[in-house]
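Peer 1: Just passing along the structure, written as structure tokens.
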Protein chains: 2
Amino acid sequence: MNEHVGFIGIGNLGNPMARNLLAAGFPVRVYNRTPEKAQPLAEQGASIAKSAAGVATPGGVVITVLSDDAAVEAVADDALLAALGKGGLHLSMSTILPATSERLAKSHAKHGVTYLAAPVFGRPEAAAAKKLWICTSGPDEAAKARVRPLLEAMGQGVYDFGPSVGASNVIKLAGNFMITALVEVMAEGSALAEKNRIPRAAFLDFFGQTLFNSPVFNNYAKRLIAADFDKVGFTGQLALKDMRLGLETAAASATPMPVLSLLRDRFLAAIATGEGQLDASAIALRAAEDAGLTWFPRDAK
Amino acid sequence: MNEHVGFIGIGNLGNPMARNLLAAGFPVRVYNRTPEKAQPLAEQGASIAKSAAGVATPGGVVITVLSDDAAVEAVADDALLAALGKGGLHLSMSTILPATSERLAKSHAKHGVTYLAAPVFGRPEAAAAKKLWICTSGPDEAAKARVRPLLEAMGQGVYDFGPSVGASNVIKLAGNFMITALVEVMAEGSALAEKNRIPRAAFLDFFGQTLFNSPVFNNYAKRLIAADFDKVGFTGQLALKDMRLGLETAAASATPMPVLSLLRDRFLAAIATGEGQLDASAIALRAAEDAGLTWFPRDAK
């Protein structure tokens with residue numbers, strides 16, 4: 001009696017999420033622009049559709065985990081919405097603008113399809129370990145109840161932000177801003193420590209064991225200490241997109257965010273210096289290299 | 001056989017620290033520029049000296065908890081150092097420049113006095129609850145062992161940063177930078193949430209329960225949610241001093257720290273708008289008011 005699930009977008013994040021749905025016993029039908037990526041999921045029991053609309057069953061659920069607003073809007077076209085039809089539900093888990101969610105909710109309603117925003121926090125490792133935090137928003141409470149078992153198969157906790165459909169997208173953008181800001185701040189502090197002959201490991205270990213003892217601090221402390229930037233969970237290029245969406249949302253709501261502006265420029269510099277395909281935490285190299293420190297040799301970039 | 005302790009500076013932080021030494025059974029002799037402040041400690045068993053040098057016993061330990069570099073340098077003068085003399089130990093717990101610690105270590109050595117830097121993390125409430133984190137640095141390992149029982153009577157943990165005497169001062173300045181940066185980032189994120197009709201309590205509670213679940217995040221989340229800025233643990237004026245010392249240390253070591261520069265300007269703005277005597281966390285009002293939000297009515301300032 002498990003819900004049939006259509007799944008579009010099986011990149012670094014979507015792949016382990018789809019895997020966890022399969023493991024929980026949900027029949028999953030996937031579509032990916034690059035079909036070869038779907039093969040390992042097929043071996044785990046997923047069926048494979050030849051088009052995005054092909055994952056939909058009438059009145060069913062479709063999940064999208066895509067890289068940007070344009071990709072979600074391209075996929076959630078009339079063909080997909082007609083295939084879902086009345087009673088259908090689109091669970092939109094990508095990091096996109098709240099304004100895009102609002103626009104999509106309207107286009108979906110024309111086909112009788114419910115649009116539910118449900119962006120996630122967590123890197124691919126967290127997705128694989130079912131440790132995602134999932135934020136939801138939208139006016140349809142029945143839809144939230146319906147997808148609850150799906151969300152629980154993919155994450156460790158679900159937080160609802162009420163009826164305004166873009167609210168969870170705002171939370172996601174603000175959260176990515178705070179996480180990235182923490183990395184910048186850890187990097188500036190570490191650079192100050194090292195320029196004063198204190199190893200960044202001693203600096204970050206102390207705060208990670210005391211005042212800043214939190215999952216996000218300690219995850220990034222490990223990355224910064226090991227200069228572990230070429231094991232890529234999430235690229236600088238994608239992080240730049242998130243900063244851009246954050247600034248766009250800030251502009252639309254007239255919210256000056258000086259640290260966010262600074263972070264955007266950090267990622268532009270990361271791209272200019274050939275670090276755009278490193279992990280997003282490589283933003284830490286900007287503060288370090290500005291201070292004349294070499295944490296990650298240039299020929300490794 | 002408990003060590004006699006001289007204690008200079010019983011302000012918001014020093015007062016509970018001296019109290020905890022008394023409670024742990026150490027004979028404490030205090031001096032404060034404003035003598036009335038010492039009276040409650042006298043009732044708890046402290047003796048009171050009429051001058052800074054008067055707290056010292058030959059070869060004994062003197063603790064200073066003062067508001068800035070100038071105050072520490074003024075107190076640790078020839079009279080105090082002569083009174084301490086050979087075998088004496090100055091445990092310097094204020095937030096000051098590493099360069100000041102280096103200078104003081106030299107002047108102390110001339111009198112045979114050991115200078116040990118031991119700045120603390122924690123607000124007055126934490127000091128009262130014996131929950132301070134204490135960082136030490138200096139070349140004299142015997143001195144560190146000697147003061148260990150004192151430090152354990154005042155804090156929940158002691159971390160040593162090695163022989164370079166100013167190292168713990170660097171850690172303290174970098175830490176205050178990171179804490180203040182977190183407040184700024186929480187405020188910018190909260191402003192974005194509220195401008196998009198999400199209450200900052202919902203925003204901060206979510207992150208405080210998930211990714212950012214740490215003592216420092218949740219302490220400041222409470223302050224920001226309640227707009228609890230007139231219960232002052234530590235003023236904006238004092239925080240500005242710490243940002244200034246951080247920038248001075250950054251300049252001396254050629255470490256560009258753009259977020260720290262931004263925070264300095266935030267505190268200048270706080271002072272310009274009449275918030276300098278509010279709690280330092282009122283820096284959050286700058287991001288909020290820039291976004292047109294009123295978290296704390298102007299007539300309450």
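In the structure tokens, each chain is lettered A, B, ... as it comes, each chain's residues begin at 1, and ligands are numbered from 1 in order of appearance.
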Do you know which residues are at most 9 Å from segment 65-70 of chain A counting only C-alpha atoms, after dropping those on the same chain fewer than 6 positions away, and could you put them as an MDAnalysis selection string?

Peer 2: chainID A and resid 7:11 13:14 92:97 100:101 119 238 241

Peer 1: What are the residues of chain B lining chain A at 7 Å or less? Count only C-alpha atoms, and put the answer as a PyMOL selection string.

Peer 2: chain B and resi 167+170-171+174+178+185+188-189+191-193+195-196+198+203+211-216+250+253-257+259+290-291

Peer 1: Using only C-alpha atoms, which of the listed residues (B:Ala272, B:Lys37, B:Gly236, B:Ala117) sits closest to Ala99 of chain B?

Peer 2: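 Distance minimum relative to Ala99 of chain B lands on B:Ala117.
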
Peer 1: Present chain A as a CSV table (one decimal) with C-alpha atoms, in the first residue's frame, least-squares fitted onto chain B over all of its C-alpha atoms paired in order.

Peer 2:
chain,number,residue,atom,x,y,z
A,1,MET,CA,47.1,25.1,53.0
A,2,ASN,CA,45.1,27.0,50.4
A,3,GLU,CA,47.0,29.6,48.4
A,4,HIS,CA,46.4,33.2,49.5
A,5,VAL,CA,45.0,35.1,46.5
A,6,GLY,CA,45.0,38.8,45.7
A,7,PHE,CA,42.2,39.9,43.5
A,8,ILE,CA,42.0,43.1,41.6
A,9,GLY,CA,38.9,44.1,39.6
A,10,ILE,CA,35.5,42.9,40.9
A,11,GLY,CA,33.2,44.2,38.2
A,12,ASN,CA,30.4,42.1,36.5
A,13,LEU,CA,32.8,39.3,35.8
A,14,GLY,CA,35.5,39.6,38.6
A,15,ASN,CA,32.9,39.7,41.3
A,16,PRO,CA,31.4,36.2,40.8
A,17,MET,CA,34.9,34.8,40.1
A,18,ALA,CA,36.2,36.1,43.5
A,19,ARG,CA,33.1,34.8,45.1
A,20,ASN,CA,33.8,31.3,43.8
A,21,LEU,CA,37.4,31.4,45.1
A,22,LEU,CA,36.0,32.3,48.5
A,23,ALA,CA,33.4,29.5,48.3
A,24,ALA,CA,36.2,27.1,47.4
A,25,GLY,CA,38.1,28.1,50.6
A,26,PHE,CA,40.8,30.3,49.3
A,27,PRO,CA,41.7,33.3,51.4
A,28,VAL,CA,41.0,36.3,49.1
A,29,ARG,CA,42.2,39.9,49.5
A,30,VAL,CA,40.5,42.2,47.1
A,31,TYR,CA,41.1,45.7,45.7
A,32,ASN,CA,38.7,47.7,43.6
A,33,ARG,CA,38.9,51.3,42.3
A,34,THR,CA,35.3,51.8,43.6
A,35,PRO,CA,35.7,50.5,47.2
A,36,GLU,CA,31.9,50.1,47.9
A,37,LYS,CA,31.8,47.2,45.4
A,38,ALA,CA,34.1,45.2,47.6
A,39,GLN,CA,31.8,45.3,50.6
A,40,PRO,CA,29.6,42.3,49.7
A,41,LEU,CA,32.7,40.3,49.2
A,42,ALA,CA,34.0,41.3,52.6
A,43,GLU,CA,30.8,40.0,54.1
A,44,GLN,CA,31.6,36.7,52.4
A,45,GLY,CA,35.0,36.6,54.1
A,46,ALA,CA,37.3,38.6,51.8
A,47,SER,CA,39.7,41.1,53.2
A,48,ILE,CA,39.9,44.4,51.6
A,49,ALA,CA,43.1,46.2,50.5
A,50,LYS,CA,43.4,50.0,50.2
A,51,SER,CA,45.6,49.8,47.2
A,52,ALA,CA,46.3,47.5,44.3
A,53,ALA,CA,49.7,46.6,45.7
A,54,GLY,CA,48.1,46.0,49.0
A,55,VAL,CA,46.5,42.7,47.8
A,56,ALA,CA,49.9,41.1,47.2
A,57,THR,CA,51.7,38.8,49.6
A,58,PRO,CA,55.5,38.2,48.9
A,59,GLY,CA,55.8,35.3,46.5
A,60,GLY,CA,52.0,35.1,46.3
A,61,VAL,CA,49.4,35.0,43.5
A,62,VAL,CA,47.5,38.1,42.2
A,63,ILE,CA,44.6,37.8,39.8
A,64,THR,CA,43.5,40.8,37.7
A,65,VAL,CA,40.1,41.0,35.9
A,66,LEU,CA,40.0,44.5,34.5
A,67,SER,CA,38.3,46.2,31.6
A,68,ASP,CA,41.2,47.0,29.3
A,69,ASP,CA,44.9,47.0,28.6
A,70,ALA,CA,45.5,50.4,30.2
A,71,ALA,CA,43.9,49.3,33.5
A,72,VAL,CA,46.0,46.2,33.7
A,73,GLU,CA,49.2,48.1,32.9
A,74,ALA,CA,48.4,50.7,35.5
A,75,VAL,CA,47.7,48.2,38.2
A,76,ALA,CA,50.7,45.9,37.4
A,77,ASP,CA,53.1,48.7,38.3
A,78,ASP,CA,56.4,48.6,40.1
A,79,ALA,CA,54.7,48.8,43.5
A,80,LEU,CA,52.6,45.7,42.9
A,81,LEU,CA,55.5,43.8,41.3
A,82,ALA,CA,57.8,44.7,44.1
A,83,ALA,CA,55.2,43.6,46.7
A,84,LEU,CA,54.8,40.2,44.9
A,85,GLY,CA,58.6,39.8,44.4
A,86,LYS,CA,60.5,36.7,43.6
A,87,GLY,CA,58.2,33.6,43.2
A,88,GLY,CA,55.2,35.9,42.8
A,89,LEU,CA,52.6,35.1,40.1
A,90,HIS,CA,50.3,37.4,38.2
A,91,LEU,CA,47.3,35.6,36.7
A,92,SER,CA,46.1,38.1,34.1
A,93,MET,CA,42.5,37.2,33.1
A,94,SER,CA,41.4,40.3,31.3
A,95,THR,CA,40.7,40.6,27.6
A,96,ILE,CA,43.8,42.4,26.4
A,97,LEU,CA,46.2,42.5,23.4
A,98,PRO,CA,48.7,39.7,23.1
A,99,ALA,CA,51.3,42.5,22.7
A,100,THR,CA,50.4,43.8,26.1
A,101,SER,CA,50.9,40.4,27.6
A,102,GLU,CA,54.3,40.2,26.0
A,103,ARG,CA,55.3,43.6,27.4
A,104,LEU,CA,54.0,42.8,30.9
A,105,ALA,CA,55.8,39.4,30.9
A,106,LYS,CA,59.0,41.3,30.4
A,107,SER,CA,58.4,43.9,33.1
A,108,HIS,CA,57.3,41.2,35.5
A,109,ALA,CA,60.5,39.2,34.9
A,110,LYS,CA,62.6,42.1,36.1
A,111,HIS,CA,61.0,41.6,39.6
A,112,GLY,CA,61.2,37.8,39.5
A,113,VAL,CA,57.4,37.7,39.0
A,114,THR,CA,55.8,35.2,36.6
A,115,TYR,CA,53.1,36.6,34.3
A,116,LEU,CA,50.5,34.1,33.1
A,117,ALA,CA,47.8,35.0,30.6
A,118,ALA,CA,44.5,33.4,31.3
A,119,PRO,CA,41.5,35.1,29.6
A,120,VAL,CA,38.1,33.6,30.1
A,121,PHE,CA,35.0,32.9,28.0
A,122,GLY,CA,31.6,33.3,29.6
A,123,ARG,CA,29.2,36.0,30.7
A,124,PRO,CA,28.7,37.0,34.3
A,125,GLU,CA,25.9,34.3,34.7
A,126,ALA,CA,28.4,31.7,33.5
A,127,ALA,CA,31.1,33.0,35.9
A,128,ALA,CA,28.6,32.8,38.8
A,129,ALA,CA,27.8,29.2,37.8
A,130,LYS,CA,31.5,28.3,37.6
A,131,LYS,CA,31.0,27.7,33.9
A,132,LEU,CA,33.8,29.8,32.5
A,133,TRP,CA,36.1,28.4,29.9
A,134,ILE,CA,39.6,29.5,30.7
A,135,CYS,CA,42.5,29.7,28.2
A,136,THR,CA,46.1,29.8,29.5
A,137,SER,CA,49.5,30.6,27.9
A,138,GLY,CA,53.0,31.3,29.0
A,139,PRO,CA,56.3,29.5,29.2
A,140,ASP,CA,56.2,28.7,32.9
A,141,GLU,CA,54.7,25.2,33.3
A,142,ALA,CA,55.1,25.2,37.1
A,143,ALA,CA,53.1,28.4,37.3
A,144,LYS,CA,50.3,26.7,35.3
A,145,ALA,CA,50.3,23.8,37.7
A,146,ARG,CA,50.3,26.2,40.7
A,147,VAL,CA,47.2,28.1,39.6
A,148,ARG,CA,45.3,25.0,38.4
A,149,PRO,CA,43.2,24.7,41.7
A,150,LEU,CA,42.3,28.4,41.4
A,151,LEU,CA,41.2,28.1,37.8
A,152,GLU,CA,39.2,25.0,38.6
A,153,ALA,CA,37.4,26.9,41.3
A,154,MET,CA,36.3,29.5,38.7
A,155,GLY,CA,35.7,27.5,35.5
A,156,GLN,CA,34.4,24.3,34.0
A,157,GLY,CA,37.5,23.7,31.8
A,158,VAL,CA,41.0,24.9,31.2
A,159,TYR,CA,42.7,24.8,27.8
A,160,ASP,CA,46.4,25.6,27.5
A,161,PHE,CA,47.8,27.2,24.3
A,162,GLY,CA,51.5,26.7,24.9
A,163,PRO,CA,54.5,28.8,25.8
A,164,SER,CA,53.9,31.9,23.8
A,165,VAL,CA,52.6,34.2,26.5
A,166,GLY,CA,50.1,36.1,24.2
A,167,ALA,CA,48.6,33.0,22.6
A,168,SER,CA,45.6,32.8,24.9
A,169,ASN,CA,44.9,36.5,24.3
A,170,VAL,CA,44.7,35.8,20.5
A,171,ILE,CA,42.3,32.9,21.2
A,172,LYS,CA,40.2,35.2,23.3
A,173,LEU,CA,40.0,38.0,20.7
A,174,ALA,CA,39.4,35.6,17.9
A,175,GLY,CA,36.7,33.9,19.9
A,176,ASN,CA,34.9,37.1,20.8
A,177,PHE,CA,35.0,37.9,17.1
A,178,MET,CA,33.4,34.6,16.2
A,179,ILE,CA,30.7,34.9,18.8
A,180,THR,CA,29.9,38.5,17.8
A,181,ALA,CA,29.9,37.4,14.1
A,182,LEU,CA,27.4,34.7,14.9
A,183,VAL,CA,25.1,37.2,16.5
A,184,GLU,CA,25.3,39.4,13.4
A,185,VAL,CA,24.6,36.5,11.1
A,186,MET,CA,21.7,35.3,13.3
A,187,ALA,CA,20.3,38.9,13.1
A,188,GLU,CA,20.7,39.1,9.3
A,189,GLY,CA,19.0,35.7,8.9
A,190,SER,CA,16.2,36.6,11.3
A,191,ALA,CA,15.6,39.9,9.5
A,192,LEU,CA,15.3,38.1,6.2
A,193,ALA,CA,12.9,35.6,7.8
A,194,GLU,CA,10.7,38.3,9.3
A,195,LYS,CA,10.7,40.4,6.2
A,196,ASN,CA,9.2,37.3,4.6
A,197,ARG,CA,6.6,36.9,7.4
A,198,ILE,CA,8.4,34.1,9.3
A,199,PRO,CA,8.7,35.0,13.0
A,200,ARG,CA,12.3,35.1,14.1
A,201,ALA,CA,11.5,32.6,16.9
A,202,ALA,CA,10.5,30.0,14.4
A,203,PHE,CA,13.6,30.7,12.4
A,204,LEU,CA,16.0,30.6,15.4
A,205,ASP,CA,14.3,27.7,17.1
A,206,PHE,CA,14.7,25.5,14.1
A,207,PHE,CA,18.4,26.1,13.7
A,208,GLY,CA,19.0,26.0,17.4
A,209,GLN,CA,17.4,22.5,17.5
A,210,THR,CA,19.2,21.2,14.5
A,211,LEU,CA,22.4,22.3,12.7
A,212,PHE,CA,23.4,25.1,15.1
A,213,ASN,CA,22.5,23.3,18.4
A,214,SER,CA,25.3,24.8,20.5
A,215,PRO,CA,25.5,26.8,23.8
A,216,VAL,CA,26.4,30.0,22.1
A,217,PHE,CA,23.7,29.9,19.4
A,218,ASN,CA,21.0,29.0,21.8
A,219,ASN,CA,22.0,31.7,24.4
A,220,TYR,CA,21.9,34.4,21.8
A,221,ALA,CA,18.7,33.0,20.1
A,222,LYS,CA,17.0,33.5,23.5
A,223,ARG,CA,18.2,37.1,23.6
A,224,LEU,CA,17.2,37.9,20.1
A,225,ILE,CA,13.8,36.3,20.4
A,226,ALA,CA,13.0,38.2,23.6
A,227,ALA,CA,14.8,41.4,22.4
A,228,ASP,CA,16.4,41.1,25.8
A,229,PHE,CA,19.0,43.8,25.4
A,230,ASP,CA,18.6,45.9,28.5
A,231,LYS,CA,19.6,43.0,30.8
A,232,VAL,CA,23.2,43.8,30.3
A,233,GLY,CA,25.9,41.2,30.8
A,234,PHE,CA,28.5,42.9,28.7
A,235,THR,CA,28.0,46.3,27.0
A,236,GLY,CA,28.3,47.2,23.3
A,237,GLN,CA,30.9,49.7,24.4
A,238,LEU,CA,33.1,46.9,25.8
A,239,ALA,CA,32.5,44.7,22.8
A,240,LEU,CA,33.7,47.6,20.5
A,241,LYS,CA,36.9,47.5,22.5
A,242,ASP,CA,37.3,43.8,21.8
A,243,MET,CA,36.7,44.3,18.1
A,244,ARG,CA,39.3,47.1,18.2
A,245,LEU,CA,41.8,44.8,19.9
A,246,GLY,CA,41.1,42.1,17.4
A,247,LEU,CA,41.7,44.4,14.5
A,248,GLU,CA,44.9,45.7,16.1
A,249,THR,CA,46.1,42.1,16.5
A,250,ALA,CA,45.0,41.4,12.9
A,251,ALA,CA,46.9,44.4,11.7
A,252,ALA,CA,50.0,43.6,13.6
A,253,SER,CA,50.0,40.1,12.0
A,254,ALA,CA,48.8,41.2,8.6
A,255,THR,CA,45.6,39.3,8.7
A,256,PRO,CA,42.7,40.8,6.7
A,257,MET,CA,39.4,40.1,8.5
A,258,PRO,CA,36.5,41.6,6.5
A,259,VAL,CA,33.8,40.4,8.8
A,260,LEU,CA,35.6,41.7,11.9
A,261,SER,CA,35.9,45.1,10.2
A,262,LEU,CA,32.2,45.0,9.5
A,263,LEU,CA,31.5,44.2,13.2
A,264,ARG,CA,33.6,47.1,14.4
A,265,ASP,CA,31.4,49.4,12.2
A,266,ARG,CA,28.2,47.8,13.6
A,267,PHE,CA,29.3,48.7,17.2
A,268,LEU,CA,30.2,52.2,16.1
A,269,ALA,CA,26.7,52.5,14.7
A,270,ALA,CA,25.3,51.0,17.9
A,271,ILE,CA,27.0,53.7,19.9
A,272,ALA,CA,26.0,56.4,17.4
A,273,THR,CA,22.3,55.4,17.8
A,274,GLY,CA,22.4,55.3,21.6
A,275,GLU,CA,22.8,51.5,22.1
A,276,GLY,CA,26.4,51.5,23.5
A,277,GLN,CA,25.2,50.8,27.1
A,278,LEU,CA,22.8,48.0,26.0
A,279,ASP,CA,24.0,44.4,26.0
A,280,ALA,CA,26.5,43.7,23.2
A,281,SER,CA,23.9,41.4,21.6
A,282,ALA,CA,22.0,44.6,20.7
A,283,ILE,CA,24.2,44.7,17.7
A,284,ALA,CA,21.4,42.5,16.2
A,285,LEU,CA,19.3,45.7,16.2
A,286,ARG,CA,21.4,47.2,13.4
A,287,ALA,CA,20.5,44.4,10.9
A,288,ALA,CA,16.9,44.5,12.0
A,289,GLU,CA,16.5,48.3,11.9
A,290,ASP,CA,18.3,48.5,8.6
A,291,ALA,CA,15.5,46.3,7.3
A,292,GLY,CA,12.8,48.5,8.8
A,293,LEU,CA,12.0,46.1,11.7
A,294,THR,CA,11.4,47.2,15.3
A,295,TRP,CA,12.5,44.5,17.7
A,296,PHE,CA,13.3,46.9,20.6
A,297,PRO,CA,11.5,50.3,20.8
A,298,ARG,CA,13.7,53.3,20.6
A,299,ASP,CA,12.4,54.8,23.8
A,300,ALA,CA,13.6,51.7,25.7
A,301,LYS,CA,17.2,52.4,24.7

Peer 1: Which of segment 87-212 of chain A end up as strand (DSSP E or B) when DSSP is run on this backbone - answer as number ranges by chain?

Peer 2: A: 89-92, 114-117, 120-121, 132-137, 155-160
